[in-house]
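S.K.: Dropping in protein-v8.cif, with mmCIF, C-alpha atoms.
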data_target
#
loop_
_atom_site.label_atom_id
_atom_site.label_comp_id
_atom_site.auth_asym_id
_atom_site.auth_seq_id
_atom_site.Cartn_x
_atom_site.Cartn_y
_atom_site.Cartn_z
CA MET A 1 -23.19 62.72 8.18
CA HIS A 2 -24.08 66.34 7.62
CA GLU A 3 -23.54 67.85 11.07
CA GLY A 4 -21.83 70.85 9.49
CA PHE A 5 -24.94 71.54 7.43
CA GLU A 6 -27.47 71.41 10.26
CA THR A 7 -27.36 75.17 10.72
CA SER A 8 -27.43 77.74 7.95
CA ILE A 9 -24.66 80.10 6.88
CA GLY A 10 -26.75 82.87 8.39
CA ASP A 11 -26.91 81.17 11.78
CA ARG A 12 -23.15 80.60 11.81
CA LEU A 13 -22.51 84.12 10.55
CA GLY A 14 -24.57 85.64 13.35
CA ARG A 15 -22.82 83.56 16.05
CA LEU A 16 -19.35 84.33 14.73
CA ARG A 17 -20.12 88.03 14.35
CA THR A 18 -21.41 88.22 17.92
CA ARG A 19 -18.36 86.37 19.20
CA ARG A 20 -16.14 88.97 17.52
CA GLY A 21 -18.17 91.79 19.10
CA LEU A 22 -19.22 93.25 15.75
CA THR A 23 -22.46 94.82 14.58
CA GLN A 24 -23.78 93.90 11.17
CA GLU A 25 -22.64 97.27 9.89
CA GLN A 26 -19.13 96.83 11.30
CA LEU A 27 -18.80 93.36 9.79
CA ALA A 28 -19.97 94.61 6.40
CA GLU A 29 -17.41 97.42 6.54
CA LEU A 30 -14.55 95.09 7.53
CA ALA A 31 -15.48 92.57 4.84
CA GLU A 32 -16.15 95.28 2.23
CA VAL A 33 -19.56 93.83 1.42
CA CYS A 34 -23.04 95.32 1.40
CA VAL A 35 -24.68 95.36 4.84
CA ASP A 36 -27.88 94.19 3.16
CA THR A 37 -26.07 90.96 2.25
CA VAL A 38 -25.14 90.39 5.90
CA ARG A 39 -28.71 91.09 7.03
CA LYS A 40 -30.33 88.78 4.47
CA LEU A 41 -27.92 85.96 5.28
CA GLU A 42 -28.44 86.27 9.05
CA GLN A 43 -32.21 86.45 8.57
CA ASN A 44 -32.00 83.32 6.37
CA ARG A 45 -33.66 85.20 3.55
CA ARG A 46 -30.63 84.10 1.55
CA GLN A 47 -28.94 80.73 1.94
CA THR A 48 -25.81 81.49 -0.03
CA ALA A 49 -23.71 84.21 -1.66
CA ARG A 50 -20.90 84.47 -4.17
CA MET A 51 -17.70 82.75 -3.08
CA ALA A 52 -15.81 86.04 -3.13
CA THR A 53 -18.33 87.46 -0.66
CA LEU A 54 -18.12 84.40 1.60
CA ASN A 55 -14.33 84.55 1.57
CA GLN A 56 -14.39 88.23 2.54
CA LEU A 57 -16.80 87.54 5.40
CA ALA A 58 -14.72 84.61 6.66
CA ARG A 59 -11.57 86.70 6.58
CA ALA A 60 -13.24 89.55 8.48
CA LEU A 61 -14.39 87.02 11.10
CA ASP A 62 -10.91 85.46 11.28
CA VAL A 63 -12.09 81.91 10.51
CA ASP A 64 -11.44 79.35 7.81
CA LEU A 65 -14.02 79.47 5.05
CA SER A 66 -15.16 75.95 5.98
CA VAL A 67 -16.15 77.20 9.44
CA LEU A 68 -18.46 79.81 7.94
CA VAL A 69 -20.02 77.79 5.13
CA GLY A 70 -20.19 74.51 7.04
CA SER A 71 -18.85 71.15 5.94
CA PRO A 72 -19.88 67.58 6.57
CA VAL A 73 -17.62 66.36 9.36
CA THR A 74 -17.71 62.64 8.70
CA PHE A 75 -18.49 60.07 6.01
CA GLU A 76 -21.98 58.73 5.47
CA ALA A 77 -22.53 55.00 5.91
CA ARG A 78 -22.02 52.75 2.91
CA PRO A 79 -24.82 50.60 1.44
CA ASP A 80 -23.35 47.51 3.13
CA GLY A 81 -23.74 49.21 6.51
CA SER A 82 -20.05 49.86 7.10
CA ALA A 83 -18.98 53.34 8.18
CA PRO A 84 -15.65 54.79 6.99
CA SER A 85 -13.77 56.73 9.65
CA VAL A 86 -12.29 60.21 9.40
CA LEU A 87 -10.24 59.37 12.48
CA ALA A 88 -8.76 56.34 10.69
CA LEU A 89 -7.76 58.56 7.78
CA ARG A 90 -6.19 61.11 10.10
CA ARG A 91 -4.26 58.32 11.83
CA ALA A 92 -3.00 57.03 8.49
CA VAL A 93 -1.78 60.52 7.54
CA SER A 94 -0.21 61.21 10.96
CA PRO A 95 0.64 57.89 12.65
CA VAL A 96 1.92 58.06 16.19
CA ASP A 97 4.87 55.86 15.17
CA ASP A 98 6.49 58.89 13.54
CA LEU A 99 6.56 60.73 16.86
CA LEU A 100 7.81 57.67 18.72
CA ASP A 101 10.58 57.18 16.13
CA CYS A 102 11.71 60.77 16.60
CA ALA A 103 11.58 60.40 20.38
CA GLY A 104 13.80 57.35 20.05
CA GLY A 105 16.37 59.15 17.99
CA ASP A 106 15.23 58.03 14.52
CA THR A 107 15.24 61.29 12.58
CA ASP A 108 15.79 60.02 9.04
CA GLY A 109 12.28 60.98 7.98
CA GLU A 110 11.42 57.42 6.93
CA PRO A 111 8.01 55.85 7.60
CA ASP A 112 7.32 53.78 10.71
CA ARG A 113 9.29 50.59 11.29
CA GLN A 114 6.55 48.09 12.05
CA ASP A 115 7.03 44.99 9.87
CA PRO A 116 4.05 44.35 7.59
CA GLU A 117 2.62 40.86 7.33
CA GLU A 118 3.20 40.84 3.60
CA PRO A 119 4.70 43.84 1.79
CA PRO A 120 2.55 44.77 -1.23
CA THR A 121 4.08 44.64 -4.70
CA VAL A 122 4.50 47.89 -6.59
CA GLY A 123 2.10 46.54 -9.21
CA ALA A 124 -0.56 45.98 -6.57
CA LEU A 125 0.08 49.44 -5.15
CA ARG A 126 -0.37 51.08 -8.55
CA ALA A 127 -3.60 49.15 -9.15
CA SER A 128 -4.97 50.19 -5.74
CA LEU A 129 -4.10 53.82 -6.39
CA ARG A 130 -5.75 53.87 -9.82
CA ALA A 131 -8.89 52.27 -8.39
CA THR A 132 -9.00 54.77 -5.52
CA GLU A 133 -8.53 57.73 -7.84
CA GLY A 134 -11.28 56.45 -10.12
CA THR A 135 -13.59 56.14 -7.15
CA ARG A 136 -12.78 59.69 -6.10
CA ARG A 137 -13.43 61.07 -9.59
CA ALA A 138 -16.80 59.31 -9.53
CA GLY A 139 -17.62 61.11 -6.26
CA ARG A 140 -18.05 57.98 -4.13
CA MET A 141 -16.70 59.59 -0.99
CA SER A 142 -17.54 56.88 1.51
CA GLU A 143 -15.82 54.24 -0.62
CA VAL A 144 -12.70 56.43 -0.77
CA GLY A 145 -12.84 56.73 3.00
CA SER A 146 -12.92 52.96 3.34
CA VAL A 147 -9.89 52.14 1.18
CA LEU A 148 -7.62 55.18 1.51
CA PRO A 149 -6.18 54.58 5.02
CA GLN A 150 -5.04 51.09 4.04
CA LEU A 151 -3.56 52.35 0.76
CA ILE A 152 -1.45 54.88 2.68
CA ARG A 153 -0.31 52.22 5.15
CA ASP A 154 0.52 49.83 2.29
CA ALA A 155 2.56 52.47 0.46
CA ARG A 156 4.48 53.32 3.62
CA ALA A 157 5.18 49.62 4.18
CA ALA A 158 6.36 49.23 0.59
CA VAL A 159 8.77 52.15 0.91
CA ARG A 160 10.28 50.42 3.91
CA ALA A 161 10.26 46.92 2.37
CA TYR A 162 12.01 47.91 -0.86
CA GLU A 163 15.02 49.71 0.62
CA SER A 164 17.35 47.55 -1.50
CA SER A 165 15.57 48.31 -4.78
CA ASP A 166 15.81 51.93 -5.86
CA ARG A 167 13.28 51.49 -8.67
CA ASP A 168 10.58 49.82 -6.56
CA ARG A 169 11.16 52.19 -3.65
CA THR A 170 10.84 55.19 -5.96
CA THR A 171 7.57 53.81 -7.32
CA ALA A 172 6.29 53.24 -3.80
CA TYR A 173 7.09 56.85 -2.90
CA ALA A 174 5.21 58.04 -6.00
CA VAL A 175 2.12 56.06 -4.99
CA LEU A 176 2.43 57.38 -1.45
CA ALA A 177 2.61 60.96 -2.71
CA GLU A 178 -0.56 60.58 -4.75
CA ALA A 179 -2.35 58.78 -1.90
CA TYR A 180 -1.53 61.66 0.43
CA GLN A 181 -2.92 64.09 -2.16
CA VAL A 182 -6.20 62.16 -2.27
CA ALA A 183 -6.23 62.25 1.53
CA ALA A 184 -5.72 66.02 1.48
CA THR A 185 -8.66 66.66 -0.83
CA THR A 186 -10.87 64.26 1.12
CA LEU A 187 -9.99 65.80 4.49
CA THR A 188 -10.58 69.29 3.08
CA ALA A 189 -14.05 68.27 1.88
CA LEU A 190 -14.79 67.03 5.39
CA GLY A 191 -13.71 70.23 7.12
CA ASN A 192 -10.29 69.05 8.36
CA PRO A 193 -7.98 71.74 6.90
CA ASP A 194 -5.07 71.23 9.30
CA ALA A 195 -4.95 67.48 8.65
CA ALA A 196 -5.21 68.21 4.93
CA PHE A 197 -2.18 70.49 5.11
CA THR A 198 -0.22 67.79 6.95
CA ALA A 199 -1.16 65.36 4.19
CA MET A 200 0.15 67.80 1.58
CA GLU A 201 3.42 68.29 3.46
CA ARG A 202 3.90 64.54 3.39
CA ALA A 203 2.85 64.36 -0.27
CA THR A 204 5.46 66.96 -1.19
CA ASP A 205 8.19 65.09 0.67
CA ALA A 206 7.21 61.76 -0.93
CA ALA A 207 7.13 63.32 -4.43
CA ARG A 208 10.65 64.67 -3.94
CA ARG A 209 11.88 61.27 -2.76
CA ALA A 210 10.26 59.77 -5.86
CA GLY A 211 12.33 62.17 -7.99
CA ASP A 212 9.28 63.08 -10.08
CA PRO A 213 9.02 66.84 -10.83
CA GLN A 214 5.69 66.31 -12.59
CA LEU A 215 4.29 64.73 -9.45
CA GLU A 216 5.54 67.76 -7.52
CA ALA A 217 3.74 70.01 -10.00
CA ILE A 218 0.39 68.28 -9.59
CA GLY A 219 1.00 68.34 -5.84
CA ALA A 220 1.30 72.12 -6.02
CA ALA A 221 -1.99 72.23 -7.92
CA THR A 222 -3.62 70.12 -5.21
CA LEU A 223 -2.18 72.33 -2.47
CA ALA A 224 -3.52 75.41 -4.26
CA TRP A 225 -6.96 73.78 -4.33
CA VAL A 226 -6.75 72.99 -0.61
CA PHE A 227 -5.73 76.58 0.18
CA THR A 228 -8.59 77.90 -1.96
CA LYS A 229 -11.12 75.77 -0.11
CA GLN A 230 -9.72 77.11 3.17
CA GLY A 231 -10.01 80.71 1.97
CA ARG A 232 -6.21 81.16 1.85
CA LEU A 233 -6.53 82.69 -1.59
CA GLU A 234 -3.25 84.58 -1.84
CA ASP A 235 -1.36 81.45 -0.75
CA ALA A 236 -3.21 79.39 -3.35
CA GLU A 237 -2.37 81.86 -6.10
CA ARG A 238 1.27 82.05 -5.06
CA VAL A 239 1.77 78.26 -4.89
CA ALA A 240 0.15 77.65 -8.28
CA LEU A 241 1.95 80.42 -10.14
CA ALA A 242 5.35 79.64 -8.59
CA GLN A 243 5.09 76.05 -9.80
CA ALA A 244 3.79 77.15 -13.21
CA ASP A 245 6.83 79.41 -13.60
CA ARG A 246 9.09 76.41 -13.04
CA ILE A 247 7.55 74.59 -15.99
CA GLU A 248 7.82 77.49 -18.48
CA PRO A 249 6.48 75.59 -21.51
CA THR A 250 7.38 76.42 -25.10
CA PHE A 251 5.79 75.49 -28.41
CA ARG A 252 7.97 72.37 -28.37
CA SER A 253 6.95 71.28 -24.86
CA ARG A 254 5.52 67.83 -24.32
CA PRO A 255 1.73 67.57 -23.92
CA ILE A 256 2.07 66.58 -20.25
CA ASP A 257 4.06 69.74 -19.50
CA LEU A 258 1.43 71.88 -21.22
CA SER A 259 -1.26 70.01 -19.30
CA LEU A 260 0.34 70.52 -15.89
CA TRP A 261 1.06 74.17 -16.68
CA GLY A 262 -2.55 74.72 -17.71
CA ILE A 263 -3.88 73.02 -14.59
CA LEU A 264 -1.74 75.29 -12.42
CA LEU A 265 -2.93 78.40 -14.27
CA LEU A 266 -6.55 77.40 -13.71
CA ARG A 267 -5.87 76.81 -10.00
CA ALA A 268 -4.35 80.30 -9.73
CA ALA A 269 -7.28 81.83 -11.62
CA THR A 270 -9.74 80.10 -9.27
CA ALA A 271 -8.02 81.69 -6.29
CA LEU A 272 -7.93 85.09 -7.99
CA VAL A 273 -11.56 85.15 -9.04
CA ARG A 274 -12.57 84.63 -5.42
CA GLN A 275 -10.51 87.63 -4.34
CA GLY A 276 -12.92 90.01 -6.01
CA GLU A 277 -13.50 92.27 -8.97
CA ARG A 278 -10.10 93.96 -9.00
CA HIS A 279 -8.55 90.65 -10.09
CA TYR A 280 -10.93 89.83 -12.94
CA ASP A 281 -8.61 91.09 -15.70
CA ARG A 282 -5.86 88.77 -14.43
CA VAL A 283 -8.36 85.89 -14.31
CA ASP A 284 -9.22 86.49 -17.96
CA GLU A 285 -5.52 86.58 -18.83
CA LEU A 286 -4.75 83.29 -17.08
CA LEU A 287 -7.76 81.67 -18.73
CA ARG A 288 -6.54 82.77 -22.17
CA MET A 289 -3.11 81.28 -21.44
CA ALA A 290 -4.61 78.01 -20.22
CA SER A 291 -6.89 77.85 -23.25
CA ALA A 292 -3.89 78.33 -25.53
CA ALA A 293 -2.15 75.43 -23.78
CA ALA A 294 -5.25 73.28 -24.22
CA ALA A 295 -5.43 74.18 -27.90
CA GLY A 296 -1.76 73.28 -28.23
CA ILE A 297 -2.49 69.82 -26.84
CA GLY A 298 -5.54 69.50 -29.06
CA ARG A 299 -7.41 66.95 -26.96
CA ASP A 300 -8.37 66.26 -23.38
CA ARG A 301 -5.90 64.40 -21.15
CA LEU A 302 -5.97 62.83 -17.70
CA ASP A 303 -2.61 63.25 -15.98
CA TYR A 304 -2.18 62.23 -12.34
CA ALA A 305 -5.97 61.76 -12.12
CA THR A 306 -6.58 65.40 -13.17
CA PRO A 307 -8.23 66.29 -16.51
CA PHE A 308 -7.00 69.08 -18.74
CA GLY A 309 -7.72 70.08 -22.30
CA PRO A 310 -10.24 72.05 -24.38
CA THR A 311 -13.20 70.65 -22.42
CA ASN A 312 -11.81 71.39 -18.98
CA THR A 313 -10.78 74.94 -19.87
CA ALA A 314 -14.24 75.62 -21.30
CA VAL A 315 -15.82 74.30 -18.08
CA ALA A 316 -13.44 76.48 -16.07
CA LYS A 317 -14.49 79.51 -18.12
CA VAL A 318 -18.13 78.87 -17.16
CA ASN A 319 -17.13 78.66 -13.50
CA PHE A 320 -15.19 81.93 -13.66
CA GLN A 321 -18.03 83.73 -15.45
CA VAL A 322 -20.48 82.61 -12.77
CA GLU A 323 -18.09 83.74 -10.01
CA MET A 324 -17.79 87.12 -11.75
CA ASP A 325 -21.61 87.34 -11.94
CA ARG A 326 -21.56 87.20 -15.73
CA CYS A 327 -24.43 84.73 -15.70
CA ALA A 328 -25.93 85.19 -19.16
CA PRO A 329 -22.50 84.85 -20.86
CA ALA A 330 -21.81 81.82 -18.65
CA LEU A 331 -24.89 80.05 -19.96
CA THR A 332 -23.92 80.92 -23.52
CA THR A 333 -20.46 79.48 -22.93
CA ALA A 334 -21.95 76.38 -21.31
CA ARG A 335 -23.81 75.55 -24.52
CA THR A 336 -20.51 75.47 -26.43
CA VAL A 337 -18.48 73.18 -24.13
CA PRO A 338 -17.07 70.38 -26.30
CA ASP A 339 -17.13 66.68 -25.41
CA LEU A 340 -18.49 67.10 -21.88
CA ALA A 341 -18.86 63.34 -21.54
CA SER A 342 -15.06 63.01 -21.55
CA LEU A 343 -14.81 64.62 -18.11
CA PRO A 344 -15.01 62.60 -14.86
CA PRO A 345 -18.45 62.53 -13.20
CA THR A 346 -17.54 65.00 -10.44
CA TRP A 347 -16.19 67.52 -12.95
CA ARG A 348 -19.41 67.24 -14.97
CA ALA A 349 -21.52 67.59 -11.84
CA ARG A 350 -19.66 70.75 -10.79
CA PHE A 351 -20.26 72.17 -14.28
CA HIS A 352 -24.01 71.57 -13.96
CA VAL A 353 -24.01 73.17 -10.51
CA ASP A 354 -22.40 76.25 -12.09
CA ARG A 355 -25.14 76.26 -14.71
CA ALA A 356 -27.71 76.03 -11.93
CA LEU A 357 -26.13 78.97 -10.11
CA ALA A 358 -26.29 81.08 -13.27
CA HIS A 359 -29.95 80.21 -13.89
CA ALA A 360 -30.86 80.90 -10.26
CA ARG A 361 -29.25 84.33 -10.29
CA LEU A 362 -31.28 85.11 -13.41
CA ASP A 363 -34.45 83.98 -11.56
CA GLN A 364 -34.78 80.94 -13.82
CA ASP A 365 -35.58 78.54 -11.01
CA GLU A 366 -37.00 75.74 -13.14
CA ALA A 367 -33.88 75.66 -15.33
CA ALA A 368 -31.71 75.78 -12.20
CA THR A 369 -33.55 72.78 -10.76
CA HIS A 370 -33.11 70.85 -14.01
CA ALA A 371 -29.35 71.55 -13.97
CA LEU A 372 -29.12 70.38 -10.35
CA LEU A 373 -30.94 67.16 -11.16
CA THR A 374 -28.50 66.59 -14.02
CA ALA A 375 -25.61 67.09 -11.59
CA GLU A 376 -27.15 64.57 -9.20
CA ARG A 377 -27.45 61.98 -11.96
CA ASP A 378 -23.74 62.36 -12.70
CA ALA A 379 -22.51 62.20 -9.08
CA PRO A 380 -25.28 61.53 -6.55
CA GLU A 381 -23.09 60.93 -3.50
CA TRP A 382 -20.85 63.90 -4.32
CA MET A 383 -23.95 66.12 -4.27
CA ARG A 384 -24.67 65.13 -0.68
CA TYR A 385 -21.22 66.40 0.36
CA HIS A 386 -20.93 69.48 -1.87
CA GLY A 387 -21.65 72.67 0.02
CA THR A 388 -22.41 74.96 -2.91
CA ALA A 389 -24.90 72.52 -4.40
CA ARG A 390 -26.61 71.99 -1.06
CA ARG A 391 -26.83 75.73 -0.34
CA LEU A 392 -28.31 76.40 -3.78
CA VAL A 393 -30.91 73.67 -3.31
CA ALA A 394 -31.80 75.18 0.08
CA ASP A 395 -32.09 78.65 -1.46
CA LEU A 396 -34.35 77.45 -4.26
CA HIS A 397 -36.34 75.36 -1.80
CA THR A 398 -37.28 78.45 0.23
CA ARG A 399 -38.79 79.93 -2.95
CA GLU A 400 -40.61 76.75 -3.96
CA ARG A 401 -44.38 77.11 -3.56
CA ARG A 402 -45.42 73.53 -4.35
CA ARG A 403 -45.52 70.92 -1.59
CA THR A 404 -44.33 68.23 -3.99
CA SER A 405 -41.98 68.89 -6.87
CA PRO A 406 -38.70 67.60 -8.35
CA LEU A 407 -36.88 70.24 -6.27
CA THR A 408 -38.60 69.15 -3.05
CA GLU A 409 -37.72 65.53 -3.80
CA LEU A 410 -34.10 66.54 -4.44
CA ALA A 411 -34.00 68.46 -1.14
CA ASP A 412 -35.32 65.35 0.62
CA ARG A 413 -32.60 63.19 -0.92
CA LEU A 414 -29.99 65.70 0.25
CA HIS A 415 -31.60 65.83 3.73
CA ILE A 416 -32.35 69.54 3.41
CA GLU A 417 -35.34 70.93 5.30
CA ARG A 418 -37.28 73.99 4.24
#
Spit out the file's structure as structure tokens when you get a sec.

M.R.:
Amino acid sequence: MHEGFETSIGDRLGRLRTRRGLTQEQLAELAEVCVDTVRKLEQNRRQTARMATLNQLARALDVDLSVLVGSPVTFEARPDGSAPSVLALRRAVSPVDDLLDCAGGDTDGEPDRQDPEEPPTVGALRASLRATEGTRRAGRMSEVGSVLPQLIRDARAAVRAYESSDRDRTTAYAVLAEAYQVAATTLTALGNPDAAFTAMERATDAARRAGDPQLEAIGAATLAWVFTKQGRLEDAERVALAQADRIEPTFRSRPIDLSLWGILLLRAATALVRQGERHYDRVDELLRMASAAAAGIGRDRLDYATPFGPTNTAVAKVNFQVEMDRCAPALTTARTVPDLASLPPTWRARFHVDRALAHARLDQDEAATHALLTAERDAPEWMRYHGTARRLVADLHTRERRRTSPLTELADRLHIER
């Protein structure tokens, strides 16, 4: 499963730097980072660095961030022995029928024309989507990989089958849009950025055909996340803020509008914080605005499978403080996060990884290990796919002196060698 993790960031960095014909000093100058950081990474004395640093290095090397940091390139096998297929997901997102339709003169943009055995009902489609989104929030990646291609095919078939019913067809397009968004995030996590972008193009088109501006808004938030994971930080910021400006909430806005606006602000802030220190004031400003929106709602919500509210903004604040290397304040903030149990498992796990990062940077390795173990309890399969968590475990593992310890056992479960 973890082919992308078999070599370290340092190994990939050295190969990419050599390919570009750069010395360590030249790369450091181009990336505007300390040459000592480049040396320690290439010597594997460090297994990770701040995301802003990794983004700057990737940009200087002219590669997607996923190429530098490494990503798993396929799904792991499920307990029943079945193996979900990335290729099957790519085929569902980009079926050859679309090209054949265009070659035959069918340019109406509709899905392929193969007749399904039995068109799914819109009720069944909605139920499948909700189940898939719940599985994704729980971090069960291989299960998502098993069901998502068929969900996309079913939604495409339903769009075609319900041509005579505007209401059912609109619902089918809405399900299709959300299914494509799930595909985009899944493909991004597996190091398929181009396929992820194709999925988002199709999600945007389906959302517009569904006539749902709120679905378009959450699609923009998803696209911003995809761009951020690719290292396209300015694009991520621009997409999120442009969509947020379209919402323009007021004190009388509905809670869902405040929620979507706040989600978009947090997506923009995530892209900004990874662009470096000169953007930190703007990050703080966007966080204050999002927190005000959360306070206006008064409770945590889950709209289009995305949480927002006082808990999520507090968790985001911890993430931003860690990214800005404000580790002691981040840990103080973490102790004040309200109602953490209300968040989906993967959101909670990411929060605990942020806590672990803060502890590690303060040389509190035992506390960092405890936070990582807490993250694993919340989302064990997600941990095996999550690059930041894996790199932190590897970093701590190199400093571990005991042959057997909770950290060593965690590294074994994540298939990380010393």

S.K.: Sorted by chain and rising residue number, which residues of range 3-108 of chain A lie within 9 Å of range 149-173 of chain A, and what are their closest atom pairs and distances in Å to one decimal, counting all atoms listed in the file, as a tab-separated table?

M.R.:
residue	atom	partner	partner_atom	distance
A:Ala88	CA	A:Pro149	CA	6.5
A:Leu89	CA	A:Pro149	CA	5.1
A:Arg90	CA	A:Pro149	CA	8.3
A:Arg91	CA	A:Pro149	CA	8.0
A:Ala92	CA	A:Pro149	CA	5.3
A:Val93	CA	A:Ile152	CA	7.5

S.K.: Please save C-alpha atoms of the selected residues as a compact mmCIF listing (two decimals), in the frame of the given file.

M.R.:
# COMPACT_ATOMS: atom_id res chain seq x y z
CA ALA A 88 -8.76 56.34 10.69
CA LEU A 89 -7.76 58.56 7.78
CA ARG A 90 -6.19 61.11 10.10
CA ARG A 91 -4.26 58.32 11.83
CA ALA A 92 -3.00 57.03 8.49
CA VAL A 93 -1.78 60.52 7.54

S.K.: Could you give me, as a list in words, the residues within 9 Å of Ile247 in chain A, counting all atoms listed in the file and dropping anything in the same chain fewer than 6 positions from it?

M.R.: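 Surrounding residues, per the criterion: Ala217, Asp257, Leu258, Leu260 and Trp261 of chain A.
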
S.K.: Once you count only C-alpha atoms, what closest atom pair and distance in Å to one decimal does each residue of range 117-202 of chain A within 10 Å of range 373-388 of chain A have, with rows by chain and rising residue number, as CSV?

M.R.:
residue,atom,partner,partner_atom,distance
A:Arg136,CA,A:Trp382,CA,9.3
A:Arg137,CA,A:Ala379,CA,9.2
A:Ala138,CA,A:Ala379,CA,6.4
A:Gly139,CA,A:Trp382,CA,4.7
A:Arg140,CA,A:Glu381,CA,5.9
A:Met141,CA,A:Trp382,CA,6.8
A:Ser142,CA,A:Glu381,CA,8.5
A:Ala189,CA,A:Tyr385,CA,7.6
A:Leu190,CA,A:Tyr385,CA,8.2

S.K.: How would the residues just picked look written out with C-alpha atoms as a compact mmCIF listing (two decimals), keeping the file's coordinate frame?

M.R.:
# COMPACT_ATOMS: atom_id res chain seq x y z
CA ARG A 136 -12.78 59.69 -6.10
CA ARG A 137 -13.43 61.07 -9.59
CA ALA A 138 -16.80 59.31 -9.53
CA GLY A 139 -17.62 61.11 -6.26
CA ARG A 140 -18.05 57.98 -4.13
CA MET A 141 -16.70 59.59 -0.99
CA SER A 142 -17.54 56.88 1.51
CA ALA A 189 -14.05 68.27 1.88
CA LEU A 190 -14.79 67.03 5.39

S.K.: Compile a residue-level contact table for range 242-321 of chain A against range 223-232 of chain A at a cut-off of 12 Å, reporting for every qualifying residue the shortest atom pair and its distance in Å to one decimal, with all atoms listed in the file counted, rows ordered by chain and ascending number, as CSV.

M.R.:
residue,atom,partner,partner_atom,distance
A:Ala242,CA,A:Ala224,CA,10.7
A:Gln243,CA,A:Ala224,CA,10.3
A:Ala244,CA,A:Ala224,CA,11.7
A:Ile263,CA,A:Ala224,CA,10.6
A:Leu264,CA,A:Ala224,CA,8.4
A:Leu265,CA,A:Ala224,CA,10.5
A:Leu266,CA,A:Trp225,CA,10.1
A:Arg267,CA,A:Ala224,CA,6.4
A:Ala268,CA,A:Ala224,CA,7.4
A:Ala269,CA,A:Ala224,CA,10.5
A:Thr270,CA,A:Thr228,CA,7.7
A:Ala271,CA,A:Thr228,CA,5.8
A:Leu272,CA,A:Thr228,CA,9.4
A:Val273,CA,A:Thr228,CA,10.6
A:Arg274,CA,A:Thr228,CA,8.6
A:Gln275,CA,A:Gly231,CA,9.4

S.K.: In terms of the shortest atom-to-atom distance over all atoms listed in the file, which of A:Ala52, A:Met200, A:Ala292, A:Ala77 is closest to Tyr280 in chain A?

M.R.: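 Residue with the minimum atom-to-atom distance to Tyr280 in chain A: A:Ala52.
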
S.K.: Could you expand the PyMOL selection byres ((chain A and resi 297) around 10) into the explicit residues it covers here, written as an MDAnalysis selection string?

M.R.: chainID A and resid 253:259 291:296 298:301 308:310

S.K.: Can you translate the PyMOL selection byres ((chain A and resi 392) around 9) into the concrete residues it hits in this file, as an NGL selection string?

M.R.: :A and (47-48 or 353 or 356-357 or 360 or 372 or 387-391 or 393-397)

S.K.: Might you spell out which residues the PyMOL selection byres ((chain A and resi 320) around 10) would select in the displayed file, as a PyMOL selection string?

M.R.: chain A and resi 266+269-270+272-274+280+283-284+287+314-319+321-327+330+354

S.K.: Of the candidates A:Pro307, A:Pro406, A:Gly21, A:Gly262, which shows the shortest atom-to-atom distance to Leu61 in chain A, using all atoms listed in the file?

M.R.: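 When distances to Leu61 in chain A are compared using all atoms listed in the file, the smallest one comes from A:Gly21.
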
S.K.: So how far away is CA of Arg130 in chain A from CA of Leu215 in chain A, in Å?

M.R.: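 About the pair CA of Leu215 in chain A and CA of Arg130 in chain A: they are 14.8 Å apart.
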
S.K.: CA of Leu57 in chain A and CA of Leu16 in chain A are how many Å apart?

M.R.: 10.2 Å

S.K.: Tell me which of A:Val144, A:Leu233, A:Leu331, A:Ala58 sits closest to Ala183 in chain A, counting only C-alpha atoms.

M.R.: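 Closest to Ala183 in chain A, using only C-alpha atoms: A:Val144.
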
S.K.: I'd like the interatomic distance between CA of Ala236 in chain A and CA of Arg202 in chain A, to a tenth of an Å.

M.R.: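 Separating CA of Ala236 in chain A from CA of Arg202 in chain A is a distance of 17.8 Å.
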
S.K.: Looking at all atoms listed in the file, which of A:Leu176, A:Thr186, A:Val63, A:Arg335 is the one that sits closest to Thr135 in chain A?

M.R.: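 Of the candidates, the smallest distance to Thr135 in chain A is held by A:Thr186.
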